[in-house]
file run08.cif (mmCIF, C-alpha atoms)
data_protein
#
loop_
_atom_site.label_atom_id
_atom_site.label_comp_id
_atom_site.auth_asym_id
_atom_site.auth_seq_id
_atom_site.Cartn_x
_atom_site.Cartn_y
_atom_site.Cartn_z
CA MET Q 1 0.00 0.00 0.00
CA ILE Q 2 1.45 3.34 -1.08
CA GLU Q 3 1.68 5.87 1.74
CA ARG Q 4 3.85 8.51 0.15
CA LEU Q 5 4.78 9.61 -3.33
CA ASP Q 6 8.05 11.53 -3.77
CA ILE Q 7 8.86 13.45 -6.90
CA GLU Q 8 12.58 14.21 -6.78
CA SER Q 9 14.23 16.88 -8.98
CA LEU Q 10 12.18 15.71 -11.93
CA ALA Q 11 12.81 17.04 -15.44
CA ILE Q 12 10.69 16.14 -18.43
CA GLN Q 13 11.45 16.70 -22.06
CA ARG Q 14 8.87 16.43 -24.85
CA GLY Q 15 10.37 16.57 -28.30
CA GLU Q 16 13.11 19.20 -28.25
CA ARG Q 17 11.58 21.20 -25.40
CA VAL Q 18 12.33 20.75 -21.71
CA LEU Q 19 8.98 21.32 -19.98
CA PHE Q 20 10.31 21.72 -16.48
CA GLU Q 21 13.41 20.90 -14.46
CA GLY Q 22 14.19 20.29 -10.81
CA LEU Q 23 10.60 19.75 -9.75
CA ASN Q 24 10.21 18.46 -6.21
CA ALA Q 25 6.86 17.51 -4.71
CA GLN Q 26 5.45 15.10 -2.20
CA VAL Q 27 2.04 13.59 -1.74
CA ALA Q 28 1.32 11.90 1.58
CA ALA Q 29 -1.48 9.52 2.55
CA GLY Q 30 -4.74 11.40 3.06
CA GLU Q 31 -3.55 14.35 1.01
CA ALA Q 32 -4.66 15.83 -2.29
CA VAL Q 33 -2.29 17.86 -4.45
CA ALA Q 34 -3.62 20.02 -7.27
CA LEU Q 35 -1.20 20.69 -10.12
CA THR Q 36 -1.71 24.04 -11.75
CA GLY Q 37 0.12 25.81 -14.52
CA ALA Q 38 -0.41 27.26 -17.96
CA ASN Q 39 -1.43 25.12 -20.92
CA GLY Q 40 1.62 23.16 -22.04
CA ALA Q 41 3.43 23.58 -18.73
CA GLY Q 42 3.69 19.81 -18.35
CA LYS Q 43 0.87 18.80 -15.98
CA THR Q 44 -0.21 15.86 -18.09
CA SER Q 45 3.40 14.82 -18.67
CA LEU Q 46 4.08 14.90 -14.94
CA LEU Q 47 1.07 12.65 -14.27
CA ARG Q 48 2.14 10.25 -17.00
CA ALA Q 49 5.69 10.20 -15.64
CA ALA Q 50 4.31 9.40 -12.18
CA ALA Q 51 2.39 6.51 -13.76
CA GLY Q 52 5.60 5.32 -15.42
CA LEU Q 53 4.37 5.89 -18.97
CA ILE Q 54 6.93 8.61 -19.75
CA ARG Q 55 10.60 8.28 -18.91
CA PRO Q 56 11.81 11.50 -17.28
CA LEU Q 57 14.87 13.32 -18.54
CA ALA Q 58 16.27 13.49 -15.00
CA GLY Q 59 15.14 12.84 -11.47
CA ARG Q 60 12.74 10.13 -10.37
CA VAL Q 61 9.42 9.27 -8.82
CA ARG Q 62 9.57 7.10 -5.70
CA PHE Q 63 6.88 5.28 -3.78
CA PHE Q 64 6.96 4.55 -0.07
CA GLY Q 65 4.79 2.22 1.99
CA ALA Q 66 4.61 1.48 5.71
CA ASP Q 67 7.77 -0.67 5.45
CA GLY Q 68 9.90 1.68 3.37
CA GLU Q 69 10.33 2.15 -0.33
CA ILE Q 70 8.27 0.08 -2.76
CA GLU Q 71 9.69 -0.87 -6.13
CA ALA Q 72 8.13 1.58 -8.61
CA GLU Q 73 6.90 -0.97 -11.13
CA ALA Q 74 5.09 -2.99 -8.45
CA ALA Q 75 3.68 0.13 -6.79
CA ARG Q 76 2.19 1.36 -10.06
CA ARG Q 77 0.85 -1.97 -11.25
CA GLY Q 78 -1.39 -2.61 -8.30
CA GLY Q 79 -1.47 0.79 -6.65
CA CYS Q 80 -2.37 3.54 -9.06
CA HIS Q 81 -5.29 4.67 -11.15
CA LEU Q 82 -4.68 7.05 -14.06
CA VAL Q 83 -7.64 8.82 -15.60
CA GLY Q 84 -6.56 11.10 -18.42
CA HIS Q 85 -8.17 13.14 -21.16
CA GLN Q 86 -9.00 9.95 -22.97
CA ASP Q 87 -11.44 7.77 -21.13
CA GLY Q 88 -10.21 4.42 -22.43
CA LEU Q 89 -13.78 3.48 -23.32
CA LYS Q 90 -14.64 1.69 -26.56
CA THR Q 91 -17.36 3.72 -28.28
CA HIS Q 92 -19.29 0.80 -29.75
CA ARG Q 93 -19.29 -1.34 -26.60
CA VAL Q 94 -21.99 -1.27 -23.95
CA ALA Q 95 -21.18 1.09 -21.07
CA GLY Q 96 -21.80 -1.57 -18.41
CA GLU Q 97 -19.41 -4.03 -20.11
CA GLU Q 98 -16.70 -1.41 -20.32
CA LEU Q 99 -17.08 -0.38 -16.69
CA VAL Q 100 -17.07 -3.99 -15.48
CA PHE Q 101 -13.96 -4.74 -17.57
CA GLN Q 102 -12.10 -1.66 -16.34
CA THR Q 103 -13.04 -2.42 -12.73
CA ARG Q 104 -12.09 -6.10 -12.83
CA TRP Q 105 -8.88 -5.38 -14.69
CA SER Q 106 -7.98 -2.89 -11.96
CA GLY Q 107 -8.73 -5.43 -9.21
CA GLY Q 108 -12.38 -4.79 -8.26
CA ASP Q 109 -15.45 -6.93 -8.84
CA GLU Q 110 -18.71 -6.60 -10.73
CA ALA Q 111 -20.86 -5.79 -7.71
CA ALA Q 112 -18.53 -2.92 -6.78
CA ALA Q 113 -18.65 -1.63 -10.37
CA LEU Q 114 -22.45 -1.56 -10.39
CA ALA Q 115 -22.57 0.08 -6.96
CA ALA Q 116 -20.12 2.77 -8.11
CA ALA Q 117 -22.18 3.44 -11.24
CA GLU Q 118 -25.32 3.75 -9.13
CA ARG Q 119 -23.55 6.17 -6.84
CA LEU Q 120 -22.44 8.41 -9.71
CA GLY Q 121 -25.95 8.41 -11.17
CA LEU Q 122 -25.05 6.18 -14.13
CA GLY Q 123 -27.33 3.27 -13.22
CA ARG Q 124 -29.80 3.61 -16.07
CA LEU Q 125 -27.07 4.34 -18.66
CA LEU Q 126 -25.22 1.05 -18.27
CA GLY Q 127 -27.22 -0.66 -21.01
CA LEU Q 128 -26.37 1.98 -23.64
CA GLU Q 129 -23.44 1.95 -26.02
CA VAL Q 130 -20.68 4.31 -24.96
CA ARG Q 131 -21.10 6.45 -28.08
CA MET Q 132 -24.62 7.38 -26.90
CA LEU Q 133 -23.24 8.99 -23.73
CA SER Q 134 -22.37 12.66 -23.36
CA ALA Q 135 -18.82 13.78 -22.58
CA GLY Q 136 -19.70 14.27 -18.92
CA GLN Q 137 -21.36 10.86 -18.66
CA ARG Q 138 -18.33 9.21 -20.24
CA ARG Q 139 -16.01 10.90 -17.78
CA SER Q 140 -18.22 9.79 -14.88
CA LEU Q 141 -18.11 6.26 -16.26
CA ALA Q 142 -14.30 6.40 -16.44
CA LEU Q 143 -14.12 7.79 -12.90
CA ALA Q 144 -16.43 5.08 -11.55
CA ARG Q 145 -13.57 2.57 -11.59
CA LEU Q 146 -11.72 4.71 -9.04
CA ILE Q 147 -14.50 4.02 -6.58
CA ALA Q 148 -15.09 0.41 -7.62
CA ALA Q 149 -11.49 -0.86 -7.58
CA LYS Q 150 -9.57 0.26 -4.52
CA ARG Q 151 -6.12 1.58 -5.35
CA PRO Q 152 -4.33 4.06 -3.09
CA LEU Q 153 -2.93 6.54 -5.63
CA TRP Q 154 -5.24 8.47 -7.95
CA LEU Q 155 -3.55 10.32 -10.82
CA LEU Q 156 -6.21 12.50 -12.42
CA ASP Q 157 -5.89 14.74 -15.44
CA GLU Q 158 -8.57 17.44 -15.45
CA PRO Q 159 -11.00 14.95 -13.94
CA LEU Q 160 -13.89 17.35 -13.54
CA ALA Q 161 -13.66 19.33 -16.79
CA PRO Q 162 -16.76 17.96 -18.56
CA LEU Q 163 -18.84 17.31 -15.43
CA ASP Q 164 -21.89 19.30 -14.31
CA GLY Q 165 -22.37 20.62 -10.77
CA ARG Q 166 -23.97 17.47 -9.45
CA GLY Q 167 -21.33 15.26 -11.03
CA ARG Q 168 -18.58 17.37 -9.48
CA ALA Q 169 -20.21 17.13 -6.06
CA ARG Q 170 -20.47 13.33 -6.33
CA ILE Q 171 -16.83 12.96 -7.39
CA GLY Q 172 -15.80 15.42 -4.66
CA GLU Q 173 -17.55 13.25 -2.10
CA ALA Q 174 -15.77 10.14 -3.39
CA MET Q 175 -12.42 11.97 -3.30
CA GLY Q 176 -13.04 13.00 0.32
CA GLU Q 177 -13.80 9.41 1.29
CA HIS Q 178 -10.70 8.18 -0.53
CA LEU Q 179 -8.50 10.64 1.38
CA ARG Q 180 -10.07 9.74 4.73
CA SER Q 181 -9.27 6.07 4.10
CA GLY Q 182 -5.59 6.96 3.55
CA GLY Q 183 -5.57 7.49 -0.20
CA LEU Q 184 -3.44 9.92 -2.23
CA ILE Q 185 -4.65 12.20 -5.01
CA LEU Q 186 -2.49 14.01 -7.53
CA ALA Q 187 -4.68 15.94 -9.95
CA ALA Q 188 -4.07 18.42 -12.73
CA ALA Q 189 -6.82 21.01 -12.53
CA HIS Q 190 -7.51 24.50 -13.80
CA ASP Q 191 -10.65 24.84 -11.70
CA PRO Q 192 -10.26 24.35 -7.95
CA LEU Q 193 -10.91 20.77 -6.82
CA PRO Q 194 -14.09 20.23 -4.76
CA ILE Q 195 -11.92 19.14 -1.81
CA ALA Q 196 -9.17 20.80 0.18
CA ALA Q 197 -5.96 20.42 -1.83
CA ARG Q 198 -2.41 21.72 -1.65
CA VAL Q 199 -1.51 23.57 -4.84
CA VAL Q 200 1.74 22.88 -6.67
CA GLU Q 201 2.40 25.17 -9.57
CA ILE Q 202 4.40 23.90 -12.52
CA GLY Q 203 6.53 26.17 -14.65
CA GLY Q 204 5.63 29.15 -12.45
CA MET P 1 -12.28 -14.25 -11.81
CA SER P 2 -8.64 -13.71 -12.68
CA ALA P 3 -7.42 -10.74 -14.67
CA LEU P 4 -6.35 -13.09 -17.45
CA THR P 5 -9.90 -14.39 -18.00
CA VAL P 6 -11.31 -10.88 -17.88
CA LEU P 7 -8.82 -9.68 -20.50
CA TRP P 8 -9.32 -12.77 -22.67
CA ARG P 9 -13.09 -12.23 -22.80
CA ARG P 10 -12.72 -8.58 -23.68
CA GLU P 11 -10.14 -9.23 -26.40
CA LEU P 12 -12.29 -11.99 -27.86
CA ALA P 13 -15.31 -9.67 -27.98
CA LEU P 14 -13.22 -6.90 -29.54
CA ALA P 15 -11.58 -9.21 -32.08
CA TRP P 16 -14.97 -10.62 -33.03
CA GLY P 17 -16.21 -7.15 -33.89
CA ARG P 18 -12.98 -5.63 -35.20
CA GLY P 19 -13.14 -4.59 -38.83
CA GLY P 20 -16.06 -6.92 -39.55
CA GLY P 21 -14.49 -9.79 -37.61
CA PRO P 22 -14.04 -13.24 -39.13
CA LEU P 23 -16.71 -12.78 -41.82
CA LEU P 24 -14.78 -10.03 -43.54
CA ALA P 25 -11.56 -12.06 -43.51
CA LEU P 26 -13.42 -15.10 -44.87
CA GLY P 27 -15.05 -12.99 -47.57
CA PHE P 28 -11.71 -11.54 -48.60
CA PHE P 29 -10.16 -15.00 -48.64
CA ALA P 30 -12.94 -16.34 -50.87
CA ALA P 31 -12.66 -13.39 -53.25
CA ALA P 32 -8.85 -13.58 -53.46
CA SER P 33 -8.91 -17.35 -54.12
CA ALA P 34 -11.59 -16.88 -56.78
CA MET P 35 -9.33 -14.44 -58.65
CA ALA P 36 -6.83 -17.21 -59.48
CA PRO P 37 -8.88 -19.06 -62.13
CA LEU P 38 -9.87 -15.71 -63.65
CA ALA P 39 -6.24 -14.66 -63.99
CA MET P 40 -4.66 -18.01 -64.91
CA GLY P 41 -7.30 -19.54 -67.12
CA PRO P 42 -9.76 -22.31 -66.34
CA SER P 43 -7.68 -25.34 -67.36
CA PRO P 44 -8.24 -27.86 -64.49
CA ALA P 45 -4.79 -29.41 -64.69
CA HIS P 46 -3.15 -25.99 -64.52
CA LEU P 47 -5.33 -24.88 -61.59
CA ALA P 48 -4.86 -28.12 -59.63
CA ALA P 49 -1.09 -27.62 -59.76
CA MET P 50 -1.44 -24.07 -58.40
CA ALA P 51 -4.25 -24.78 -55.88
CA GLY P 52 -2.06 -25.15 -52.80
CA GLY P 53 0.05 -22.09 -53.55
CA VAL P 54 -2.87 -19.82 -54.41
CA THR P 55 -4.72 -20.84 -51.25
CA TRP P 56 -1.66 -20.23 -49.15
CA VAL P 57 -1.01 -16.72 -50.54
CA SER P 58 -4.69 -15.72 -50.14
CA LEU P 59 -4.53 -17.04 -46.59
CA VAL P 60 -1.58 -14.81 -45.68
CA LEU P 61 -3.28 -11.70 -47.07
CA ALA P 62 -6.64 -12.49 -45.41
CA ASN P 63 -4.86 -13.00 -42.08
CA LEU P 64 -3.25 -9.57 -42.30
CA LEU P 65 -6.50 -7.83 -43.14
CA SER P 66 -7.84 -7.01 -39.68
CA LEU P 67 -4.49 -6.73 -37.91
CA ASP P 68 -4.12 -2.98 -38.25
CA ARG P 69 -6.65 -2.33 -35.48
CA LEU P 70 -5.10 -4.78 -33.03
CA PHE P 71 -3.44 -2.10 -30.86
CA GLU P 72 -4.54 1.04 -32.65
CA ARG P 73 -7.99 1.39 -31.09
CA ASP P 74 -6.64 0.90 -27.58
CA TYR P 75 -3.97 3.46 -28.37
CA GLU P 76 -6.42 6.02 -29.73
CA ASP P 77 -8.99 5.84 -26.94
CA GLY P 78 -6.48 5.64 -24.09
CA ALA P 79 -7.25 2.05 -23.07
CA LEU P 80 -3.59 1.17 -23.68
CA ASP P 81 -2.65 3.20 -20.57
CA LEU P 82 -5.13 1.15 -18.58
CA LEU P 83 -3.74 -2.11 -19.99
CA ILE P 84 -0.17 -1.04 -19.12
CA LEU P 85 -1.13 -0.27 -15.51
CA GLY P 86 -3.04 -3.53 -15.10
CA PRO P 87 -2.06 -6.65 -13.16
CA LEU P 88 -0.54 -8.53 -16.14
CA PRO P 89 2.79 -7.68 -17.77
CA LEU P 90 2.30 -5.92 -21.11
CA GLU P 91 3.97 -8.86 -22.86
CA GLY P 92 1.17 -11.10 -21.59
CA VAL P 93 -1.47 -8.61 -22.71
CA ALA P 94 0.05 -8.57 -26.20
CA ALA P 95 0.10 -12.38 -26.35
CA VAL P 96 -3.56 -12.54 -25.27
CA LYS P 97 -4.48 -10.04 -27.99
CA CYS P 98 -2.71 -12.10 -30.66
CA LEU P 99 -4.27 -15.36 -29.47
CA ALA P 100 -7.74 -13.78 -29.60
CA GLN P 101 -6.94 -12.49 -33.08
CA TRP P 102 -5.86 -15.99 -34.12
CA LEU P 103 -8.95 -17.66 -32.66
CA THR P 104 -11.37 -15.25 -34.36
CA THR P 105 -9.57 -14.89 -37.70
CA GLY P 106 -6.79 -17.44 -38.18
CA ALA P 107 -8.79 -20.46 -37.00
CA PRO P 108 -11.90 -19.81 -39.17
CA LEU P 109 -9.61 -19.18 -42.14
CA ALA P 110 -7.76 -22.44 -41.46
CA LEU P 111 -11.10 -24.27 -41.59
CA ALA P 112 -12.07 -22.51 -44.82
CA ALA P 113 -8.68 -23.03 -46.50
CA PRO P 114 -9.24 -26.63 -47.68
CA LEU P 115 -12.60 -25.64 -49.23
CA ALA P 116 -10.88 -23.09 -51.44
CA ALA P 117 -8.02 -25.46 -52.28
CA ILE P 118 -10.39 -28.30 -53.20
CA ALA P 119 -12.56 -25.97 -55.27
CA LEU P 120 -9.42 -25.07 -57.22
CA GLY P 121 -8.67 -28.75 -57.81
CA ALA P 122 -6.53 -29.96 -54.92
CA PRO P 123 -7.24 -33.60 -53.96
CA LEU P 124 -9.63 -34.21 -51.07
CA ALA P 125 -6.92 -36.18 -49.25
CA ALA P 126 -4.84 -33.01 -48.88
CA ALA P 127 -7.49 -31.34 -46.68
CA PRO P 128 -6.13 -32.37 -43.23
CA MET P 129 -2.66 -31.20 -44.19
CA ILE P 130 -3.96 -27.84 -45.38
CA VAL P 131 -5.93 -27.33 -42.15
CA GLY P 132 -2.88 -28.25 -40.07
CA ALA P 133 -0.50 -26.00 -41.97
CA ALA P 134 -2.99 -23.12 -42.02
CA THR P 135 -3.57 -23.43 -38.26
CA LEU P 136 0.14 -23.26 -37.46
CA GLY P 137 0.69 -20.60 -40.10
CA GLY P 138 -2.20 -18.59 -38.61
CA ILE P 139 -0.40 -18.46 -35.26
CA ALA P 140 2.73 -17.16 -36.96
CA PHE P 141 0.74 -14.60 -38.97
CA ALA P 142 -1.12 -13.33 -35.89
CA PHE P 143 1.98 -12.90 -33.73
CA VAL P 144 4.34 -11.49 -36.37
CA GLY P 145 1.50 -9.34 -37.71
CA GLY P 146 0.81 -8.14 -34.17
CA ALA P 147 4.43 -7.01 -33.88
CA GLY P 148 3.99 -5.06 -37.13
CA ALA P 149 0.76 -3.53 -35.82
CA ALA P 150 2.47 -2.42 -32.61
CA LEU P 151 5.41 -0.92 -34.52
CA ALA P 152 3.05 1.00 -36.82
CA LEU P 153 1.18 2.58 -33.87
CA ALA P 154 0.89 6.35 -34.02
CA SER P 155 1.57 6.42 -37.74
CA ARG P 156 -1.12 7.38 -40.16
CA ARG P 157 -2.09 4.85 -42.81
CA GLY P 158 -0.82 2.14 -40.50
CA GLY P 159 -2.56 -0.65 -42.42
CA VAL P 160 -0.36 -0.46 -45.50
CA LEU P 161 2.73 0.10 -43.36
CA ILE P 162 1.98 -3.09 -41.42
CA ALA P 163 1.79 -5.11 -44.64
CA VAL P 164 5.14 -3.69 -45.78
CA ILE P 165 6.81 -4.42 -42.42
CA VAL P 166 5.28 -7.82 -41.96
CA LEU P 167 5.20 -9.51 -45.36
CA PRO P 168 9.00 -10.02 -45.58
CA LEU P 169 8.90 -11.61 -42.11
CA LEU P 170 6.20 -13.99 -43.29
CA VAL P 171 8.38 -15.43 -46.07
CA PRO P 172 9.61 -18.41 -43.97
CA PRO P 173 6.16 -19.68 -42.91
CA VAL P 174 4.91 -19.23 -46.48
CA ILE P 175 7.81 -21.32 -47.79
CA PHE P 176 7.53 -24.03 -45.11
CA GLY P 177 3.74 -24.21 -45.25
CA GLY P 178 3.63 -24.28 -49.05
CA ALA P 179 6.36 -26.94 -49.09
CA ALA P 180 4.56 -29.09 -46.52
CA VAL P 181 1.30 -29.01 -48.48
CA ALA P 182 3.04 -29.68 -51.82
CA ALA P 183 5.09 -32.58 -50.42
CA PHE P 184 2.02 -34.13 -48.78
CA GLN P 185 0.09 -33.92 -52.05
CA ALA P 186 2.96 -35.52 -53.97
CA GLY P 187 3.37 -38.31 -51.43
CA LEU P 188 6.85 -37.12 -50.46
CA PRO P 189 8.17 -36.73 -46.88
CA TRP P 190 6.42 -33.67 -45.46
CA ARG P 191 7.48 -33.81 -41.82
CA ALA P 192 10.55 -31.59 -42.16
CA PRO P 193 8.84 -28.48 -43.63
CA PHE P 194 5.89 -29.01 -41.28
CA ALA P 195 8.21 -29.14 -38.26
CA LEU P 196 9.97 -25.98 -39.44
CA LEU P 197 6.59 -24.25 -39.79
CA ALA P 198 5.69 -25.31 -36.24
CA ALA P 199 9.07 -24.08 -35.00
CA TYR P 200 8.56 -20.70 -36.65
CA ALA P 201 5.06 -20.36 -35.16
CA LEU P 202 6.27 -21.22 -31.67
CA ALA P 203 9.27 -18.91 -31.92
CA ALA P 204 6.98 -16.09 -33.08
CA ALA P 205 4.59 -16.72 -30.17
CA ALA P 206 7.49 -16.72 -27.72
CA LEU P 207 9.49 -13.75 -29.00
CA THR P 208 7.16 -11.21 -30.60
CA PRO P 209 5.28 -10.31 -27.36
CA LEU P 210 8.55 -8.72 -26.17
CA ALA P 211 8.69 -6.58 -29.30
CA MET P 212 4.99 -5.69 -29.08
CA ALA P 213 5.29 -4.60 -25.45
CA GLY P 214 8.34 -2.47 -26.25
CA ALA P 215 6.63 -0.85 -29.22
CA CYS P 216 3.47 -0.10 -27.19
CA ARG P 217 5.45 1.45 -24.34
CA ASN P 218 7.29 3.56 -26.88
CA ALA P 219 4.04 4.66 -28.53
CA VAL P 220 2.40 5.90 -25.30
CA SER P 221 5.51 7.70 -24.01
#

call {"tool": "encode", "arguments": {"input": "run08.cif", "output": "structure tokens"}}
result
Amino acid sequence: MIERLDIESLAIQRGERVLFEGLNAQVAAGEAVALTGANGAGKTSLLRAAAGLIRPLAGRVRFFGADGEIEAEAARRGGCHLVGHQDGLKTHRVAGEELVFQTRWSGGDEAAALAAAERLGLGRLLGLEVRMLSAGQRRSLALARLIAAKRPLWLLDEPLAPLDGRGRARIGEAMGEHLRSGGLILAAAHDPLPIAARVVEIGG
Amino acid sequence: MSALTVLWRRELALAWGRGGGPLLALGFFAAASAMAPLAMGPSPAHLAAMAGGVTWVSLVLANLLSLDRLFERDYEDGALDLLILGPLPLEGVAAVKCLAQWLTTGAPLALAAPLAAIALGAPLAAAPMIVGAATLGGIAFAFVGGAGAALALASRRGGVLIAVIVLPLLVPPVIFGGAAVAAFQAGLPWRAPFALLAAYALAAAALTPLAMAGACRNAVS
């Protein structure tokens, strides 16, 4: 179980451009960190580097549990959720099938997936094909796996952008619960998150 | 239920629906085989001599037909990130994808292959050999083709690129498979080319997942 995430003098390069250098940040259990910064400052890249999808130019991301450091690969595989701009949903598949697959693949079960959908107000949409859903409904569907499959570290890229007020409140509630149970949230967000979060500015 | 079963079911469902699924591949195979008599003339003796080879070439092309979407859709909609962060190593995910592709495309084509060969004039007795060679060949086509599909990720017009990358790599199974069928038909020893075909298929299944995983990691980074 991840209890702390350390970002140590991280530098990320995309193409020829170095987005940022020497970035240090920490996320502890029960804490939410909001990444802010201009468009193109490297928020998404930082989240993807934390998930191990991008190799940083310099520096590293380390994970610590109750018994010391956890090997990064193992920590990510079972311990982190990444929800990005793309929802990872197949447009021609039925929403319920997609949610159940994403949940089981991330370590949850079907009952939890259905309960999470109910909680986010998606219950009656599960029989529809994903392409019938609105952008906000799709995002809610993608976020439902965070609730359904328990993983300590949530890496979220503009998670609330397409959501309406009620959707934001529901996700905010789930985030609060996650933090109270010892979870960690690292989220890129232009709008303030619906929970108390420490702000880390990138490229400022 | 284990993650492997969950992934297998999803990949099977996706492969079944991908690019028309098996029906499209079968239709292409039938059309390509039917071109041979039109191009080479209807003389039965002539056609019977070519039947095995024509079937085998059509089989390779039909197998490659739906490969271009193997990783591309997961890459485009972001599901590849999810698959990378899942409980199985990416190499295993790639192998599961290729096996699902083989079961939904390669296996139906292997069953259809003797029909086309016999219609072109191959003897009925050659049917089991053609099914066997096409089954093993299908495994090689799915795995080597999957490596091509992963390498072509993030490029536009990936489909044609995959064919250009993959076809040279498919020369050995085409030679071994064609030789096994021809030797069997002629009553000559066929075990050596058949064993080489099996060896190629197994080597492809063992080695290409490493290349696919590397190419996918590279594409998302």

call {"tool": "residues_around", "arguments": {"input": "run08.cif", "residues": "Leu184 (chain Q)", "least_positions_apart": "3", "cutoff": "7 Å", "atoms": "all atoms listed in the file", "output": "PyMOL selection string"}}
result
chain Q and resi 27-32+152-154+179

call {"tool": "write_last_selection", "arguments": {"input": "run08.cif", "atoms": "C-alpha atoms", "output": "PDB file, in the frame of the given file"}}
result
ATOM      1  CA  VAL Q  27       2.040  13.590  -1.740  1.00  0.00           C
ATOM      2  CA  ALA Q  28       1.320  11.900   1.580  1.00  0.00           C
ATOM      3  CA  ALA Q  29      -1.480   9.520   2.550  1.00  0.00           C
ATOM      4  CA  GLY Q  30      -4.740  11.400   3.060  1.00  0.00           C
ATOM      5  CA  GLU Q  31      -3.550  14.350   1.010  1.00  0.00           C
ATOM      6  CA  ALA Q  32      -4.660  15.830  -2.290  1.00  0.00           C
ATOM      7  CA  PRO Q 152      -4.330   4.060  -3.090  1.00  0.00           C
ATOM      8  CA  LEU Q 153      -2.930   6.540  -5.630  1.00  0.00           C
ATOM      9  CA  TRP Q 154      -5.240   8.470  -7.950  1.00  0.00           C
ATOM     10  CA  LEU Q 179      -8.500  10.640   1.380  1.00  0.00           C
TER      11      LEU Q 179
END

call {"tool": "residues_around", "arguments": {"input": "run08.cif", "residues": "region 7-23 of chain Q", "least_positions_apart": "2", "cutoff": "7 Å", "atoms": "all atoms listed in the file", "output": "ChimeraX atom specification"}}
result
/Q:5,25-26,41-42,56-62,203

call {"tool": "resolve_selection", "arguments": {"input": "run08.cif", "expression": "the PyMOL selection byres ((chain P) within 7 of (chain Q))", "output": "PyMOL selection string"}}
result
chain P and resi 3+6+77-79+85-87+220-221

call {"tool": "atom_distance", "arguments": {"input": "run08.cif", "atom1": "CA of Thr36 (chain Q)", "atom2": "CA of Arg166 (chain Q)"}}
result
23.3 Å

call {"tool": "atom_distance", "arguments": {"input": "run08.cif", "atom1": "CA of Leu186 (chain Q)", "atom2": "CA of Leu143 (chain Q)"}}
result
14.2 Å

call {"tool": "residues_around", "arguments": {"input": "run08.cif", "residues": "Leu47 (chain Q)", "least_positions_apart": "3", "cutoff": "8 Å", "atoms": "all atoms listed in the file", "output": "PyMOL selection string"}}
result
chain Q and resi 43-44+50-51+155-157+186-188

call {"tool": "atom_distance", "arguments": {"input": "run08.cif", "atom1": "CA of Ile175 (chain P)", "atom2": "CA of Ala199 (chain P)"}}
result
13.1 Å

call {"tool": "residues_around", "arguments": {"input": "run08.cif", "residues": "Ala198 (chain P)", "least_positions_apart": "5", "cutoff": "9 Å", "atoms": "only C-alpha atoms", "output": "JSON, numbers by chain"}}
result
{"P": [133, 136, 137, 140, 173, 193, 203]}

call {"tool": "closest_residue", "arguments": {"input": "run08.cif", "among": "P:Ser155, P:Thr104, P:Ser2, P:Gln185", "to": "Leu124 (chain P)", "atoms": "all atoms listed in the file"}}
result
P:Gln185

call {"tool": "residues_around", "arguments": {"input": "run08.cif", "residues": "Asp68 (chain P)", "least_positions_apart": "3", "cutoff": "8 Å", "atoms": "only C-alpha atoms", "output": "list in words"}}
result
Leu64, Leu65, Phe71, Glu72, Ala149, Gly158, Gly159 and Ile162 of chain P

call {"tool": "resolve_selection", "arguments": {"input": "run08.cif", "expression": "the PyMOL selection byres ((chain Q and resi 125) around 12)", "output": "ChimeraX atom specification"}}
result
/Q:94-99,114,117-118,120-124,126-134,137-138,140-141

call {"tool": "closest_residue", "arguments": {"input": "run08.cif", "among": "P:Leu82, P:Phe28, P:Trp56, P:Gln101", "to": "Leu14 (chain P)", "atoms": "only C-alpha atoms"}}
result
P:Gln101

call {"tool": "resolve_selection", "arguments": {"input": "run08.cif", "expression": "the PyMOL selection byres ((chain P and resi 8) around 9)", "output": "JSON, numbers by chain"}}
result
{"P": [3, 4, 5, 6, 7, 9, 10, 11, 12, 13, 93, 96, 97, 99, 100]}

call {"tool": "write_last_selection", "arguments": {"input": "run08.cif", "atoms": "C-alpha atoms", "output": "PDB file, in the coordinates of the input"}}
result
ATOM      1  CA  ALA P   3      -7.420 -10.740 -14.670  1.00  0.00           C
ATOM      2  CA  LEU P   4      -6.350 -13.090 -17.450  1.00  0.00           C
ATOM      3  CA  THR P   5      -9.900 -14.390 -18.000  1.00  0.00           C
ATOM      4  CA  VAL P   6     -11.310 -10.880 -17.880  1.00  0.00           C
ATOM      5  CA  LEU P   7      -8.820  -9.680 -20.500  1.00  0.00           C
ATOM      6  CA  ARG P   9     -13.090 -12.230 -22.800  1.00  0.00           C
ATOM      7  CA  ARG P  10     -12.720  -8.580 -23.680  1.00  0.00           C
ATOM      8  CA  GLU P  11     -10.140  -9.230 -26.400  1.00  0.00           C
ATOM      9  CA  LEU P  12     -12.290 -11.990 -27.860  1.00  0.00           C
ATOM     10  CA  ALA P  13     -15.310  -9.670 -27.980  1.00  0.00           C
ATOM     11  CA  VAL P  93      -1.470  -8.610 -22.710  1.00  0.00           C
ATOM     12  CA  VAL P  96      -3.560 -12.540 -25.270  1.00  0.00           C
ATOM     13  CA  LYS P  97      -4.480 -10.040 -27.990  1.00  0.00           C
ATOM     14  CA  LEU P  99      -4.270 -15.360 -29.470  1.00  0.00           C
ATOM     15  CA  ALA P 100      -7.740 -13.780 -29.600  1.00  0.00           C
TER      16      ALA P 100
END

call {"tool": "axis_aligned_box", "arguments": {"input": "run08.cif", "around": "region 200-203 of chain Q", "padding_each_side": "8 Å", "output": "JSON"}}
result
{"center_x": 4.1, "center_y": 24.5, "center_z": -10.7, "size_x": 20.8, "size_y": 19.3, "size_z": 24.0}
